[in-house]
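Chemist: For reference, the file protein-v2.cif (mmCIF, C-alpha atoms and all ligand atoms) is included below:
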data_start
#
loop_
_atom_site.label_atom_id
_atom_site.label_comp_id
_atom_site.auth_asym_id
_atom_site.auth_seq_id
_atom_site.Cartn_x
_atom_site.Cartn_y
_atom_site.Cartn_z
CA MET A 1 32.47 -37.22 -10.94
CA PRO A 2 29.11 -37.22 -9.11
CA THR A 3 26.83 -40.13 -9.78
CA SER A 4 23.07 -40.06 -9.46
CA LEU A 5 20.51 -42.28 -7.77
CA THR A 6 16.75 -42.68 -7.70
CA ALA A 7 15.09 -41.26 -4.57
CA THR A 8 11.51 -41.08 -3.35
CA CYS A 9 10.23 -37.50 -2.89
CA LEU A 10 9.21 -36.78 0.72
CA GLY A 11 6.55 -34.39 -0.60
CA CYS A 12 4.62 -36.26 -3.30
CA GLY A 13 6.06 -39.76 -3.04
CA ARG A 14 7.14 -39.82 -6.69
CA GLU A 15 10.52 -41.20 -7.68
CA PHE A 16 13.08 -38.78 -9.06
CA ARG A 17 16.74 -38.71 -9.99
CA THR A 18 19.19 -36.81 -7.81
CA GLU A 19 22.90 -36.71 -7.20
CA GLN A 20 24.25 -39.04 -4.60
CA VAL A 21 26.36 -37.80 -1.71
CA LEU A 22 28.88 -39.95 0.07
CA LEU A 23 29.24 -39.18 3.78
CA LEU A 24 31.17 -41.31 6.30
CA GLY A 25 31.04 -44.20 3.89
CA GLN A 26 27.25 -43.99 3.44
CA THR A 27 25.30 -42.93 0.35
CA PHE A 28 22.62 -40.23 0.61
CA ALA A 29 20.34 -38.49 -1.89
CA ALA A 30 21.44 -34.85 -2.42
CA GLU A 31 17.79 -33.75 -2.64
CA ARG A 32 14.92 -35.16 -0.60
CA TYR A 33 12.18 -33.39 -2.56
CA CYS A 34 11.60 -33.57 -6.33
CA GLU A 35 11.96 -30.51 -8.55
CA LEU A 36 8.19 -29.93 -8.71
CA CYS A 37 7.78 -30.00 -4.93
CA ARG A 38 10.76 -27.65 -4.50
CA ALA A 39 9.32 -25.20 -7.04
CA ALA A 40 5.91 -25.33 -5.32
CA GLU A 41 7.60 -24.70 -1.97
CA GLU A 42 9.43 -21.64 -3.40
CA VAL A 43 6.15 -20.20 -4.72
CA ALA A 44 4.45 -20.81 -1.35
CA GLU A 45 7.35 -19.10 0.44
CA GLU A 46 7.19 -16.08 -1.90
CA GLN A 47 3.45 -15.85 -1.27
CA ARG A 48 3.99 -16.06 2.49
CA LEU A 49 6.61 -13.28 2.42
CA ALA A 50 4.31 -11.09 0.29
CA GLU A 51 1.49 -11.63 2.79
CA VAL A 52 3.79 -10.58 5.65
CA ARG A 53 4.81 -7.47 3.65
CA TRP A 54 1.17 -6.66 2.93
CA ALA A 55 0.17 -7.04 6.59
CA ARG A 56 2.85 -4.50 7.53
CA VAL A 57 1.23 -1.89 5.25
CA CYS A 58 -1.74 -1.79 7.66
CA VAL A 59 -4.44 -1.31 5.05
CA PRO A 60 -7.87 -1.47 6.78
CA GLY A 61 -9.61 -4.80 6.14
CA GLY A 62 -12.46 -3.24 4.16
CA TYR A 63 -10.03 -1.81 1.60
CA GLU A 64 -7.59 -4.69 1.21
CA GLN A 65 -9.18 -5.92 -1.99
CA CYS A 66 -9.11 -2.49 -3.71
CA THR A 67 -7.25 -2.70 -7.03
CA PHE A 68 -7.26 -0.92 -10.39
CA GLU A 69 -8.99 -3.98 -11.84
CA ASN A 70 -12.05 -3.64 -9.60
CA PHE A 71 -12.23 0.17 -9.85
CA GLU A 72 -15.24 0.64 -12.13
CA PRO A 73 -15.08 3.34 -14.82
CA ALA A 74 -17.22 5.89 -12.98
CA ALA A 75 -17.94 9.22 -14.68
CA GLY A 76 -15.33 11.87 -13.91
CA THR A 77 -12.66 9.45 -12.64
CA THR A 78 -10.90 8.40 -15.87
CA THR A 79 -8.09 10.96 -15.82
CA ALA A 80 -7.30 10.38 -12.15
CA VAL A 81 -7.16 6.60 -12.68
CA GLU A 82 -4.79 7.04 -15.62
CA VAL A 83 -2.53 9.36 -13.58
CA CYS A 84 -2.41 6.85 -10.71
CA LYS A 85 -1.66 3.93 -13.04
CA GLN A 86 1.05 5.87 -14.84
CA TRP A 87 2.62 6.99 -11.56
CA VAL A 88 2.87 3.47 -10.18
CA LYS A 89 4.07 2.13 -13.55
CA GLU A 90 6.92 4.63 -13.65
CA TYR A 91 7.82 4.03 -10.02
CA ARG A 92 7.91 0.27 -10.52
CA ALA A 93 10.05 0.74 -13.62
CA GLY A 94 12.64 2.49 -11.46
CA THR A 95 12.02 6.09 -12.56
CA ALA A 96 13.26 8.50 -9.90
CA LEU A 97 9.96 10.23 -9.23
CA ARG A 98 10.24 13.62 -7.58
CA ARG A 99 6.66 13.84 -6.35
CA GLY A 100 3.86 11.65 -5.11
CA LEU A 101 0.15 12.28 -5.62
CA LEU A 102 -2.47 14.27 -3.75
CA LEU A 103 -5.85 12.75 -4.58
CA ARG A 104 -8.60 15.27 -4.00
CA GLY A 105 -12.33 14.78 -4.36
CA ARG A 106 -15.68 14.57 -2.69
CA PRO A 107 -16.60 11.77 -0.26
CA GLY A 108 -17.02 8.46 -2.05
CA ALA A 109 -15.08 9.57 -5.14
CA GLY A 110 -12.74 6.58 -4.83
CA LYS A 111 -9.63 8.29 -3.45
CA THR A 112 -8.82 5.71 -0.78
CA HIS A 113 -9.62 2.90 -3.23
CA LEU A 114 -7.07 4.28 -5.71
CA ALA A 115 -4.44 4.87 -3.02
CA VAL A 116 -4.76 1.22 -1.94
CA ALA A 117 -4.70 0.07 -5.58
CA ILE A 118 -1.30 1.77 -5.85
CA LEU A 119 -0.11 0.09 -2.65
CA ASN A 120 -1.26 -3.29 -3.94
CA GLN A 121 0.89 -2.86 -7.04
CA LEU A 122 3.90 -1.75 -5.02
CA VAL A 123 3.82 -4.53 -2.47
CA TRP A 124 2.69 -7.52 -4.61
CA SER A 125 5.60 -7.13 -6.98
CA ASP A 126 8.82 -8.89 -7.93
CA HIS A 127 10.66 -5.80 -6.66
CA PRO A 128 8.47 -4.86 -3.71
CA ARG A 129 8.65 -1.47 -1.97
CA SER A 130 7.91 -0.90 1.67
CA ALA A 131 4.78 1.12 2.35
CA LEU A 132 2.51 2.22 5.17
CA PHE A 133 -1.15 3.22 5.09
CA VAL A 134 -2.05 5.84 7.69
CA ASN A 135 -5.56 7.18 8.15
CA VAL A 136 -4.61 10.55 9.62
CA PRO A 137 -7.43 11.07 12.16
CA GLN A 138 -7.21 7.46 13.41
CA TRP A 139 -3.41 7.51 13.56
CA LEU A 140 -3.43 10.72 15.61
CA ASP A 141 -6.05 9.28 17.98
CA ALA A 142 -3.98 6.12 18.41
CA LEU A 143 -0.85 8.17 19.07
CA ARG A 144 -2.65 10.31 21.63
CA GLU A 145 -4.00 7.21 23.39
CA SER A 146 -0.57 5.58 23.42
CA TYR A 147 0.67 8.38 25.68
CA GLY A 148 -1.30 6.56 28.42
CA ASP A 149 -0.19 2.96 28.23
CA GLY A 150 -1.49 1.95 24.78
CA GLU A 151 0.50 0.50 21.89
CA PRO A 152 1.79 3.36 19.68
CA PRO A 153 0.73 3.23 16.02
CA PRO A 154 3.47 2.43 13.47
CA ALA A 155 5.93 5.29 13.01
CA PRO A 156 5.54 6.60 9.45
CA SER A 157 9.28 7.07 8.86
CA GLY A 158 11.42 4.59 6.98
CA PHE A 159 8.88 3.48 4.36
CA ASP A 160 9.47 3.97 0.64
CA VAL A 161 5.89 5.14 0.21
CA LEU A 162 3.54 6.58 2.81
CA VAL A 163 -0.19 6.97 2.26
CA LEU A 164 -1.77 9.73 4.34
CA ASP A 165 -5.48 9.05 4.06
CA ASP A 166 -8.05 11.76 4.80
CA LEU A 167 -5.60 14.57 5.54
CA GLY A 168 -7.55 17.60 6.76
CA ALA A 169 -10.20 15.49 8.52
CA GLU A 170 -8.20 15.46 11.76
CA ASP A 171 -8.91 17.75 14.71
CA TRP A 172 -6.87 20.53 13.14
CA SER A 173 -7.58 23.14 15.80
CA SER A 174 -4.94 21.64 18.10
CA PRO A 175 -1.30 22.78 17.85
CA TRP A 176 -0.27 19.23 18.83
CA THR A 177 -2.03 17.84 15.74
CA ARG A 178 -0.44 20.43 13.46
CA ASP A 179 2.96 19.65 14.90
CA ARG A 180 2.57 15.89 14.26
CA ILE A 181 1.55 16.55 10.65
CA TYR A 182 4.44 18.95 10.22
CA GLN A 183 6.89 16.35 11.59
CA ILE A 184 5.70 13.76 9.09
CA LEU A 185 5.77 16.08 6.07
CA ASN A 186 9.08 17.61 7.06
CA HIS A 187 10.66 14.17 7.36
CA ARG A 188 9.29 13.07 3.96
CA GLU A 189 10.68 16.23 2.38
CA GLN A 190 14.06 16.05 4.06
CA GLU A 191 14.54 12.41 3.06
CA ARG A 192 13.02 12.89 -0.42
CA LEU A 193 10.51 10.15 0.24
CA LEU A 194 7.28 9.64 -1.69
CA MET A 195 3.76 10.13 -0.42
CA ILE A 196 0.22 9.56 -1.61
CA VAL A 197 -2.31 11.79 0.14
CA THR A 198 -6.08 11.73 -0.01
CA THR A 199 -8.23 14.67 1.04
CA ASN A 200 -11.64 16.27 0.68
CA CYS A 201 -10.14 19.74 1.13
CA SER A 202 -9.20 22.39 -1.40
CA TRP A 203 -5.65 23.77 -1.16
CA ASP A 204 -6.81 26.81 0.76
CA GLU A 205 -8.78 24.68 3.24
CA LEU A 206 -5.89 22.29 3.66
CA ALA A 207 -3.37 25.10 4.20
CA GLY A 208 -5.71 26.58 6.83
CA ARG A 209 -5.96 23.25 8.62
CA ILE A 210 -2.42 21.86 8.51
CA GLY A 211 -0.72 25.27 8.59
CA GLY A 212 1.45 27.16 6.09
CA PRO A 213 4.80 25.36 6.63
CA SER A 214 3.15 21.92 6.20
CA ALA A 215 1.14 23.05 3.17
CA SER A 216 4.29 24.39 1.54
CA ARG A 217 6.03 21.03 2.01
CA LEU A 218 2.99 19.16 0.77
CA ARG A 219 2.92 21.18 -2.46
CA ARG A 220 6.48 20.16 -3.14
CA LEU A 221 5.89 16.53 -2.15
CA CYS A 222 2.73 15.83 -4.14
CA ARG A 223 1.20 16.54 -7.50
CA ASP A 224 -2.49 17.51 -7.47
CA VAL A 225 -4.92 14.97 -8.88
CA ASP A 226 -8.58 15.96 -8.85
CA ILE A 227 -11.07 13.10 -8.92
CA GLU A 228 -14.17 14.71 -10.31
CA ALA A 229 -16.48 11.80 -9.66
CA ARG A 230 -20.10 12.76 -10.30
CA GLN A 231 -21.40 10.24 -7.78
CA ASP A 232 -20.64 9.09 -4.26
CA PHE A 233 -19.80 5.43 -4.93
CA ARG A 234 -20.96 4.50 -1.44
CA GLU A 235 -24.47 5.36 -2.62
CA VAL A 236 -23.99 3.07 -5.62
CA LEU A 237 -22.98 0.27 -3.24
CA VAL A 238 -25.97 0.91 -0.96
CA GLU A 239 -28.36 0.80 -3.95
CA ARG A 240 -26.77 -2.44 -5.20
CA ASN A 241 -27.11 -4.06 -1.78
CA ALA A 242 -30.73 -2.96 -1.55
CA ALA A 243 -31.57 -4.36 -4.99
N1 LIG B 1 -15.11 3.56 -9.30
C1 LIG B 1 -15.25 2.67 -8.30
N2 LIG B 1 -15.35 1.35 -8.59
C2 LIG B 1 -15.53 0.44 -7.60
N3 LIG B 1 -15.59 0.75 -6.30
C3 LIG B 1 -15.49 2.05 -5.96
C4 LIG B 1 -15.30 3.07 -6.93
N4 LIG B 1 -15.23 4.25 -6.29
C5 LIG B 1 -15.33 3.98 -4.99
N5 LIG B 1 -15.51 2.66 -4.79
C6 LIG B 1 -15.75 1.99 -3.52
O1 LIG B 1 -16.64 2.85 -2.79
C7 LIG B 1 -16.27 2.94 -1.43
C8 LIG B 1 -15.92 4.39 -1.11
O2 LIG B 1 -14.78 4.76 -1.87
P1 LIG B 1 -13.52 5.46 -1.17
O3 LIG B 1 -13.48 5.11 0.27
O4 LIG B 1 -12.32 5.18 -2.00
O5 LIG B 1 -13.94 6.98 -1.33
P2 LIG B 1 -13.15 8.27 -0.85
O6 LIG B 1 -13.03 9.16 -2.03
O7 LIG B 1 -11.89 7.87 -0.19
O8 LIG B 1 -14.17 8.91 0.18
P3 LIG B 1 -13.88 9.79 1.50
O9 LIG B 1 -13.49 11.16 1.04
O10 LIG B 1 -15.19 9.82 2.22
O11 LIG B 1 -12.81 9.13 2.28
C9 LIG B 1 -15.12 1.98 -1.24
O12 LIG B 1 -15.65 0.74 -0.83
C10 LIG B 1 -14.53 1.84 -2.67
O13 LIG B 1 -13.91 0.58 -2.83
MG MG B 2 -11.22 7.97 1.78
#
Here is the file; what I need is its structure written in the form of structure tokens.
Modeler:
Amino acid sequence: MPTSLTATCLGCGREFRTEQVLLLGQTFAAERYCELCRAAEEVAEEQRLAEVRWARVCVPGGYEQCTFENFEPAAGTTTAVEVCKQWVKEYRAGTALRRGLLLRGRPGAGKTHLAVAILNQLVWSDHPRSALFVNVPQWLDALRESYGDGEPPPAPSGFDVLVLDDLGAEDWSSPWTRDRIYQILNHREQERLLMIVTTNCSWDELAGRIGGPSASRLRRLCRDVDIEARQDFREVLVERNAA
């Protein structure tokens, strides 16, 4: 039967009881850190792993703090916020969602903010999902540059959720661009993977830019969510900073 001994915690210096271990005729404490220090270490480790997961999502620094909590109830945005919250709630609860969301609205409506709020909830979770944030024009530029000797941007395959930010704002006149977009959407559809898309474009504009086959896939992949914000929130922020 194991007996216990009093040991001094290497973390906080407090004394605590632990089992004693006999090894080669010598007595050792089974634990070198007290229960409190071990619990604190576990929390710190969980936090560290979550930070590593979050860094892999590649959210731009200026948007990292975007959450549902700091999304202010701006006129015309209530329904879209509720749809986004419900979507992420169902996904986190394990519902097999068939479609992601296509957030459409004018510049400054809060589309990217809401997309990142969703990512925050998916990644900082007890059952985290893998996700990647891709700003489409920047990602395409980075990919093009990497054909020289640059570092390629992260490949968007293999993530549970992919955010395609600002779809339709890319240089859509080039067949190369259309082909890259097609490859991404086709892969998401084939693998039944979820996507959140943000765009300023109407369906007709988007179909004209990304091309019919991509638009058809996108319709199947995402449910339309119009954000009918009455104001460009960037203007609100500029006025606040000026005040
Ligand atoms: N309702 C809101 N409450 C708080 N911050 C907001 C709200 N709406 C937008 N913002 C902030 O305003 C800025 C612009 O919003 P965001 O980038 O999400 O707009 P957008 O719809 O994606 O615009 P664009 O079409 O130009 O990309 C961001 O800093 C965002 O955090
Ligand atoms: Mg945006």
Chemist: Let me see if you get this right: every residue at most 9 Å from ligand LIG 1 (chain B), counting only C-alpha atoms and all ligand atoms, written as a VMD selection string.
Modeler: chain A and resid 62 to 63 65 to 75 77 103 to 116 165 to 166 198 to 200 227 229 231 to 237
Chemist: With only C-alpha atoms counted, which protein, DNA or RNA residues have an atom no more than 12 Å from (3.1, 5.2, -12.7) in the file frame? Please answer as a PyMOL selection string.
Modeler: chain A and resi 80-97+99-101+117-119+121-122
Chemist: Enter the distance from atom CA of Pro153 of chain A to atom CA of Gln183 of chain A, in Å, rounded to one decimal.
Modeler: 15.2 Å
Chemist: Near segment 205-220 of chain A, within 7 Å and counting all atoms listed in the file, which residues show up once chain neighbours fewer than 6 positions away are dropped, as a list in words?
Modeler: Gly168, Trp172, Arg178, Ile181, Tyr182, Leu185, Asn186 and Glu189 of chain A
Chemist: Which is closer to Ala169 of chain A than all the others in A:Gln20, A:Gln47, A:Asn135, A:Ser125, using all atoms listed in the file?
Modeler: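 That would be A:Asn135, the residue with the smallest distance to Ala169 of chain A.
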Chemist: Give me, please, the distance in Å between atom CA of Pro60 of chain A and atom CA of Leu132 of chain A, quoted to one decimal.
Modeler: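 Computed distance, atom CA of Pro60 of chain A to atom CA of Leu132 of chain A, equals 11.1 Å.
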Chemist: Considering only C-alpha atoms and all ligand atoms, can you say which of A:Met195, A:Ala242, A:Val136, A:Leu143 comes closest to ligand MG 2 (chain B)?
Modeler: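 Closest to ligand MG 2 (chain B) of all the choices is A:Val136.
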Chemist: I need the residue nearest ligand MG 2 (chain B) from this list: A:Phe159, A:Trp203, A:Phe133, A:Phe28. Use all atoms listed in the file for the distance.
Modeler: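 When distances to ligand MG 2 (chain B) are compared using all atoms listed in the file, the smallest one comes from A:Phe133.
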Chemist: Atom CA of Glu191 of chain A and atom CA of Thr177 of chain A are how many Å apart?
Modeler: 21.6 Å
Chemist: Of the candidates A:Tyr33, A:Tyr147, A:Trp139, A:Trp176, which one gets nearest to Cys58 of chain A if we count only C-alpha atoms?
Modeler: A:Trp139
Chemist: Looking at A:Leu49, A:Cys9, A:Ala155, A:Leu167, which one is nearest to ligand MG 2 (chain B), with distances taken over only C-alpha atoms and all ligand atoms?
Modeler: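 Using only C-alpha atoms and all ligand atoms, ligand MG 2 (chain B) sits closest to A:Leu167.
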